[in-house]
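Structure below is final.cif: mmCIF, C-alpha atoms.
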data_my_file
loop_
_atom_site.label_atom_id
_atom_site.label_comp_id
_atom_site.auth_asym_id
_atom_site.auth_seq_id
_atom_site.Cartn_x
_atom_site.Cartn_y
_atom_site.Cartn_z
CA MET A 1 0.00 0.00 0.00
CA THR A 2 1.23 3.46 -0.81
CA MET A 3 2.57 5.46 2.06
CA GLU A 4 0.35 8.35 3.06
CA SER A 5 1.33 11.39 5.05
CA GLY A 6 -0.07 14.33 6.91
CA GLN A 7 1.48 17.43 8.40
CA ILE A 8 1.08 17.67 12.15
CA GLY A 9 2.82 20.87 13.07
CA THR A 10 5.66 23.25 12.64
CA PRO A 11 9.07 21.61 12.53
CA GLY A 12 10.72 21.78 15.90
CA THR A 13 13.76 20.59 17.71
CA LEU A 14 12.01 17.79 19.54
CA ALA A 15 8.86 17.08 17.58
CA PRO A 16 8.33 15.52 14.17
CA ASP A 17 6.39 17.65 11.70
CA TYR A 18 4.94 14.91 9.51
CA VAL A 19 3.36 11.52 10.06
CA PHE A 20 3.84 8.92 7.37
CA TYR A 21 1.67 5.84 7.61
CA ASP A 22 1.37 2.57 5.78
CA GLU A 23 -1.83 0.75 6.70
CA ASP A 24 -0.68 -2.51 5.14
CA SER A 25 3.07 -2.70 5.37
CA ASN A 26 4.61 -5.72 3.72
CA ALA A 27 7.73 -7.00 1.98
CA THR A 28 7.14 -4.88 -1.09
CA PRO A 29 9.32 -1.87 -0.37
CA GLU A 30 7.92 1.62 -0.07
CA ASP A 31 10.70 3.25 -2.01
CA ASN A 32 11.72 6.83 -1.32
CA PHE A 33 8.40 7.51 0.40
CA THR A 34 9.40 10.89 1.76
CA GLY A 35 10.64 12.00 -1.64
CA SER A 36 13.64 13.78 -0.26
CA ALA A 37 17.03 13.25 1.35
CA ASP A 38 18.31 13.97 4.86
CA ASP A 39 14.97 13.19 6.50
CA GLU A 40 14.76 12.06 10.10
CA ILE A 41 12.57 9.47 11.84
CA HIS A 42 11.74 10.40 15.42
CA ILE A 43 8.95 7.95 16.25
CA ILE A 44 8.16 4.46 14.97
CA GLU A 45 4.87 2.72 15.74
CA ILE A 46 4.34 -0.85 14.55
CA ASP A 47 0.77 -2.05 14.98
CA CYS A 48 0.41 -5.82 14.73
CA GLN A 49 -2.98 -6.06 16.44
CA ASN A 50 -4.35 -7.52 13.20
CA ASN A 51 -1.32 -9.73 12.73
CA PRO A 52 -1.54 -12.14 15.67
CA GLY A 53 0.25 -15.07 14.09
CA GLU A 54 3.89 -14.05 13.92
CA ASP A 55 6.36 -11.35 14.79
CA VAL A 56 7.45 -9.06 11.96
CA TYR A 57 10.54 -7.03 11.18
CA THR A 58 10.26 -3.54 9.74
CA ARG A 59 13.38 -2.51 7.88
CA PHE A 60 14.48 0.97 6.89
CA TYR A 61 16.93 1.62 4.10
CA ALA A 62 18.95 4.79 3.57
CA ALA A 63 18.30 4.63 -0.14
CA THR A 64 15.81 5.78 -2.73
CA SER A 65 15.03 2.14 -3.49
CA ALA A 66 15.55 -1.18 -1.76
CA THR A 67 15.77 -4.81 -2.75
CA VAL A 68 14.30 -6.65 0.21
CA ALA A 69 16.16 -9.84 1.21
CA THR A 70 19.25 -8.60 -0.60
CA ASP A 71 20.01 -5.15 0.74
CA ALA A 72 21.20 -4.80 4.31
CA ALA A 73 18.84 -2.55 6.25
CA ASP A 74 20.33 0.48 7.96
CA CYS A 75 17.75 0.37 10.72
CA MET A 76 15.37 -2.39 11.77
CA ILE A 77 12.93 -3.07 14.58
CA LYS A 78 10.80 -6.06 15.46
CA GLY A 79 7.03 -5.75 15.61
CA PHE A 80 5.37 -8.00 18.17
CA LYS A 81 2.55 -10.28 17.05
CA GLY A 82 -0.83 -9.09 18.26
CA LYS A 83 0.57 -5.90 19.81
CA LYS A 84 1.10 -2.24 19.03
CA LYS A 85 4.48 -0.91 20.11
CA THR A 86 6.17 2.45 19.83
CA VAL A 87 9.78 3.57 20.04
CA ILE A 88 10.98 7.16 20.30
CA ALA A 89 14.48 7.51 18.88
CA ARG A 90 16.71 10.55 18.90
CA TYR A 91 20.33 11.50 18.60
CA TRP A 92 22.01 14.03 20.82
CA ASP A 93 25.20 15.66 19.66
CA ASP A 94 27.59 18.23 21.04
CA ALA A 95 26.22 21.06 18.88
CA PRO A 96 24.15 20.70 21.10
CA ALA A 97 21.10 19.55 19.22
CA TRP A 98 18.52 16.80 18.93
CA THR A 99 17.83 15.01 15.68
CA GLY A 100 15.97 11.90 14.64
CA ILE A 101 17.44 8.86 12.94
CA GLU A 102 18.93 10.38 9.80
CA PHE A 103 18.62 8.95 6.31
CA ALA A 104 20.93 11.04 4.17
CA THR A 105 20.37 9.48 0.77
CA GLY A 106 16.66 8.73 0.86
CA LEU A 107 14.30 6.58 2.89
CA SER A 108 12.68 3.30 1.92
CA MET A 109 10.84 0.79 4.11
CA ALA A 110 9.53 -2.78 4.08
CA THR A 111 8.07 -5.24 6.61
CA SER A 112 8.75 -8.96 6.47
CA LYS A 113 7.96 -11.84 8.78
CA ASP A 114 11.48 -13.11 8.21
CA ALA A 115 13.66 -12.29 11.17
CA GLY A 116 16.46 -9.80 11.01
CA ALA A 117 17.73 -6.85 9.02
CA GLN A 118 18.45 -8.48 5.70
CA THR A 119 17.34 -12.03 4.92
CA GLY A 120 13.87 -12.92 3.66
CA ALA A 121 11.05 -11.08 1.96
CA THR A 122 7.92 -12.89 3.11
CA ASP A 123 4.81 -10.80 3.62
CA PRO A 124 3.19 -10.79 7.05
CA THR A 125 0.17 -13.09 7.23
CA GLY A 126 -2.07 -10.42 8.69
CA THR A 127 -2.22 -6.64 8.44
CA VAL A 128 0.65 -4.62 9.84
CA LYS A 129 0.31 -0.87 10.21
CA VAL A 130 3.43 1.28 10.45
CA ARG A 131 3.28 4.94 11.43
CA LEU A 132 6.31 7.19 11.48
CA GLY A 133 6.92 10.61 12.97
CA VAL A 134 9.27 12.31 10.53
CA VAL A 135 11.07 15.61 10.22
CA LEU A 136 11.55 16.43 6.57
CA ALA A 137 14.78 18.13 5.59
CA MET B 1 14.62 13.52 55.27
CA VAL B 2 16.78 12.93 52.23
CA ALA B 3 19.24 10.10 52.70
CA LYS B 4 22.71 10.58 51.34
CA TYR B 5 24.94 7.81 50.10
CA ALA B 6 28.59 8.00 49.23
CA THR B 7 29.82 6.34 46.09
CA PRO B 8 30.84 3.80 45.05
CA ILE B 9 27.69 1.94 45.94
CA ALA B 10 25.44 -0.44 44.10
CA TRP B 11 23.50 2.56 42.84
CA THR B 12 21.80 0.64 40.07
CA LYS B 13 19.80 -1.25 42.70
CA PHE B 14 18.12 1.86 44.06
CA PHE B 15 15.72 2.35 41.21
CA GLU B 16 12.60 0.68 39.97
CA TYR B 17 14.36 -0.26 36.76
CA ASP B 18 17.46 -2.40 36.62
CA ILE B 19 20.18 -0.21 35.20
CA THR B 20 22.98 -1.81 33.24
CA VAL B 21 26.08 0.17 32.36
CA ILE B 22 28.45 -1.25 29.76
CA THR B 23 31.50 0.78 28.89
CA THR B 24 32.78 -1.04 25.83
CA VAL B 25 30.55 -2.89 23.44
CA ASP B 26 32.73 -3.29 20.43
CA ASN B 27 34.69 -5.40 18.10
CA CYS B 28 32.52 -8.09 16.63
CA ALA B 29 35.56 -9.39 14.75
CA LEU B 30 36.81 -10.70 18.06
CA SER B 31 33.47 -12.43 18.52
CA PHE B 32 31.35 -11.65 21.51
CA THR B 33 32.84 -11.15 24.89
CA ALA B 34 31.09 -11.95 28.11
CA VAL B 35 30.04 -8.36 28.57
CA GLN B 36 28.20 -8.37 25.25
CA LYS B 37 26.49 -11.73 25.52
CA ASP B 38 23.87 -12.37 28.14
CA VAL B 39 23.51 -8.74 29.19
CA ARG B 40 20.26 -10.14 30.57
CA SER B 41 20.44 -13.92 30.78
CA GLY B 42 16.68 -14.48 30.95
CA PRO B 43 13.39 -12.93 29.82
CA CYS B 44 13.40 -9.16 30.24
CA THR B 45 11.80 -5.95 29.01
CA LEU B 46 13.80 -3.01 27.69
CA HIS B 47 12.37 0.41 28.57
CA ALA B 48 15.15 2.76 27.51
CA ALA B 49 18.63 2.69 26.06
CA PHE B 50 21.47 5.20 25.85
CA ILE B 51 24.09 4.32 23.23
CA SER B 52 27.07 6.61 23.03
CA ASN B 53 29.40 6.85 20.05
CA THR B 54 31.00 10.13 20.95
CA VAL B 55 34.36 9.78 19.28
CA ALA B 56 34.87 12.33 16.51
CA SER B 57 36.48 9.94 14.05
CA GLY B 58 36.42 6.25 13.30
CA THR B 59 33.70 4.06 11.88
CA ASP B 60 30.78 6.25 10.86
CA PRO B 61 28.17 5.18 11.61
CA ILE B 62 28.45 2.14 13.82
CA TYR B 63 25.49 -0.23 13.73
CA PHE B 64 24.20 -1.36 17.08
CA SER B 65 22.22 -4.61 17.33
CA PHE B 66 20.03 -6.11 20.03
CA PHE B 67 19.54 -9.89 20.08
CA ASP B 68 16.81 -11.88 21.79
CA ASN B 69 19.33 -14.60 22.43
CA ILE B 70 21.65 -15.80 25.10
CA SER B 71 25.13 -17.02 24.32
CA SER B 72 24.19 -20.59 23.45
CA GLY B 73 21.98 -19.44 20.58
CA LEU B 74 24.01 -16.59 19.20
CA THR B 75 26.55 -16.40 16.39
CA ALA B 76 27.85 -13.04 15.23
CA GLY B 77 27.19 -12.49 11.55
CA THR B 78 24.57 -15.22 11.36
CA THR B 79 21.93 -14.83 14.06
CA PRO B 80 19.25 -12.27 13.10
CA SER B 81 18.85 -9.37 15.46
CA VAL B 82 15.57 -7.92 16.73
CA MET B 83 16.71 -4.30 16.48
CA LEU B 84 19.40 -2.54 14.50
CA TRP B 85 20.23 1.14 14.93
CA PRO B 86 22.83 3.34 13.24
CA VAL B 87 24.80 5.60 15.57
CA PRO B 88 26.95 8.24 13.81
CA ASN B 89 30.18 9.55 15.21
CA GLY B 90 29.80 12.24 17.82
CA ARG B 91 26.25 11.20 18.64
CA ILE B 92 24.38 9.61 21.49
CA LEU B 93 21.33 7.55 20.53
CA LEU B 94 18.47 7.67 23.01
CA LEU B 95 15.72 5.06 22.67
CA ASP B 96 12.52 5.20 24.68
CA PHE B 97 10.05 2.31 24.65
CA PRO B 98 6.83 3.49 26.33
CA ASP B 99 5.28 0.04 25.81
CA GLY B 100 8.46 -1.87 26.60
CA PHE B 101 10.40 -4.06 24.20
CA GLU B 102 10.39 -7.68 25.26
CA PHE B 103 13.19 -10.20 25.05
CA GLU B 104 11.82 -13.68 25.63
CA ASN B 105 15.14 -15.47 25.86
CA GLY B 106 17.55 -12.84 27.11
CA MET B 107 19.44 -9.89 25.74
CA SER B 108 22.78 -9.71 23.96
CA LEU B 109 24.36 -6.75 22.18
CA LEU B 110 26.72 -6.09 19.30
CA ALA B 111 28.33 -3.05 17.72
CA CYS B 112 29.57 -3.45 14.16
CA GLY B 113 30.87 -1.37 11.31
CA THR B 114 28.40 -2.42 8.61
CA ALA B 115 24.63 -2.60 8.24
CA GLY B 116 22.50 -5.73 8.27
CA ASP B 117 22.92 -8.96 10.18
CA SER B 118 25.75 -10.62 8.28
CA ASN B 119 28.43 -8.20 9.31
CA THR B 120 31.60 -9.17 11.11
CA THR B 121 33.42 -5.88 10.68
CA ALA B 122 34.57 -4.36 13.91
CA PRO B 123 34.11 -0.63 14.41
CA ALA B 124 37.20 1.38 15.11
CA GLU B 125 35.81 2.72 18.35
CA ALA B 126 34.14 1.38 21.45
CA VAL B 127 30.56 2.20 22.33
CA ASP B 128 29.17 2.90 25.77
CA VAL B 129 25.70 1.73 26.71
CA ILE B 130 23.21 2.29 29.50
CA LEU B 131 20.07 0.15 29.59
CA HIS B 132 16.92 0.40 31.65
CA THR B 133 15.29 -3.01 31.90
CA THR B 134 12.97 -5.02 34.08
CA GLN B 135 12.94 -8.74 34.59
CA GLY B 136 10.33 -10.77 32.72
CA VAL B 137 8.02 -10.15 29.78
CA SER B 138 4.32 -9.41 29.57
CA ARG B 139 3.38 -12.13 27.12
#
Just give me the structure as structure tokens.
Amino acid sequence: MTMESGQIGTPGTLAPDYVFYDEDSNATPEDNFTGSADDEIHIIEIDCQNNPGEDVYTRFYAATSATVATDAADCMIKGFKGKKKTVIARYWDDAPAWTGIEFATGLSMATSKDAGAQTGATDPTGTVKVRLGVVLA
Amino acid sequence: MVAKYATPIAWTKFFEYDITVITTVDNCALSFTAVQKDVRSGPCTLHAAFISNTVASGTDPIYFSFFDNISSGLTAGTTPSVMLWPVPNGRILLLDFPDGFEFENGMSLLACGTAGDSNTTAPAEAVDVILHTTQGVSR
């Protein structure tokens, strides 16, 4: 399913300004879904409430396109079967400044029920929803 | 009255969460060391993590992996991780899990120089880690 997005506020130091959401995330990659480079993910929500049968693995690629099961993901997090989980992720540097997880060359995403950050491209059995809080560059 | 304790003490035992401080998680080419494997040797829930890669030069970024495995079921470069995060030079990665992140078997850690799960390239620098965990899982 195509990624959709909505603006949620003015860009800030601590808060994402856009939400991107995929209501049926699977092993077909959502290539370059932000359409720009140097974007940052601040919040990841993986909703497996309609996928009770197996854990899934949502992979993020710092690239404008991804070949799932071949390309090594730059960031990956497990989604728990039957549950909705959220992680808030930020970098702190000595600027000092906060940023999200940075994807300098583009941002692509896929979700597979195959474990890990690289191997396998099997679609989840049920429906997996992925929502992302993003700061666009 | 506010009690005052001199250090060093077992300060990590004073809080609701178990606090684990690891000062060097590095060098997957040397295979895992005891400090990397079995950070929690049984079921646990991760609530927050602080991963520091504050050196100005070296491997950029390092890739930090969490495994739901204890030492007997873990092989660097082969075992799939349950989380992988890039941490650039000069940065500290802060992870907050408001719902908790469960490890059914135990928790082991790895810092490497390349993305994905098949890497065996050691980063040039060590990484410091602080974890907030509780024993057990909710499912």
Could you tell me which residues of chain A sit within 9 Å of chain B when counting only C-alpha atoms, and give me the result as number ranges by chain? A: 57, 59, 71-80, 84-94, 101-102, 115-119
Spell out the residues picked by the PyMOL selection byres ((chain B and resi 44) around 10) here, as a PyMOL selection string. chain B and resi 40-43+45-47+68+100-107+133-138
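When atom CA of B:Leu109 is paired with atom CA of A:Lys83, their separation reads 23.9 Å.
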Quick one: residues within 10 Å of A:Asn32, all atoms listed in the file, excluding same-chain residues fewer than 3 positions away - as a PyMOL selection string? chain A and resi 3+29+35-37+61-66+105-109
What is the distance between atom CA of A:Val56 and atom CA of B:Thr59, in Å to one decimal?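 Taking atom CA of A:Val56 and atom CA of B:Thr59, their separation equals 29.3 Å.
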Who sits within 7 Å of stretch 120-129 of chain A, all atoms listed in the file, same chain under 2 positions skipped, as a ChimeraX atom specification: /A:22-27,46-48,50-51,56,68-69,112-114,118,131
Decode the PyMOL selection byres ((chain A and resi 43) around 6) for the given file into explicit residues and return them as a ChimeraX atom specification. /A:41-42,44,87-88,132-133
Separation of atom CA of A:Glu30 and atom CA of B:Gly113, in Å?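 A separation of 25.8 Å between them.
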Leaving out A:Asp39 and any residue of its chain fewer than 6 positions from it, which residues lie within 7 Å of it when counting only C-alpha atoms, given as a list in words?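 The filter keeps Glu102, Phe103, Ala104, Val135, Leu136 and Ala137 of chain A.
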Could those residues be written to a file, using C-alpha atoms, as a CSV table (one decimal), in the frame of the given file?
chain,number,residue,atom,x,y,z
A,102,GLU,CA,18.9,10.4,9.8
A,103,PHE,CA,18.6,9.0,6.3
A,104,ALA,CA,20.9,11.0,4.2
A,135,VAL,CA,11.1,15.6,10.2
A,136,LEU,CA,11.6,16.4,6.6
A,137,ALA,CA,14.8,18.1,5.6
Starting from the point (6.3, 15.3, 7.4), work out which residues of protein, DNA or RNA have an atom no more than 8 Å away when counting all atoms listed in the file; state them as an MDAnalysis selection string. chainID A and resid 5:8 16:20 34 133:136
Kindly resolve the PyMOL selection byres ((chain B and resi 70) around 6) on the present coordinates and return the residues as a list of chain:residue names. B:Asp38, B:Asn69, B:Ser71, B:Ser72, B:Gly73, B:Gly106
Using all atoms of stretch 75-90 of chain B that appear in the file, construct an axis-aligned enclosing box with 6 Å of padding on every side and provide its centre coordinates and edge lengths in Å, rounded to one decimal, as lines of an AutoDock Vina configuration file.
center_x = 22.9
center_y = -2.1
center_z = 14.6
size_x = 26.6
size_y = 40.6
size_z = 18.5
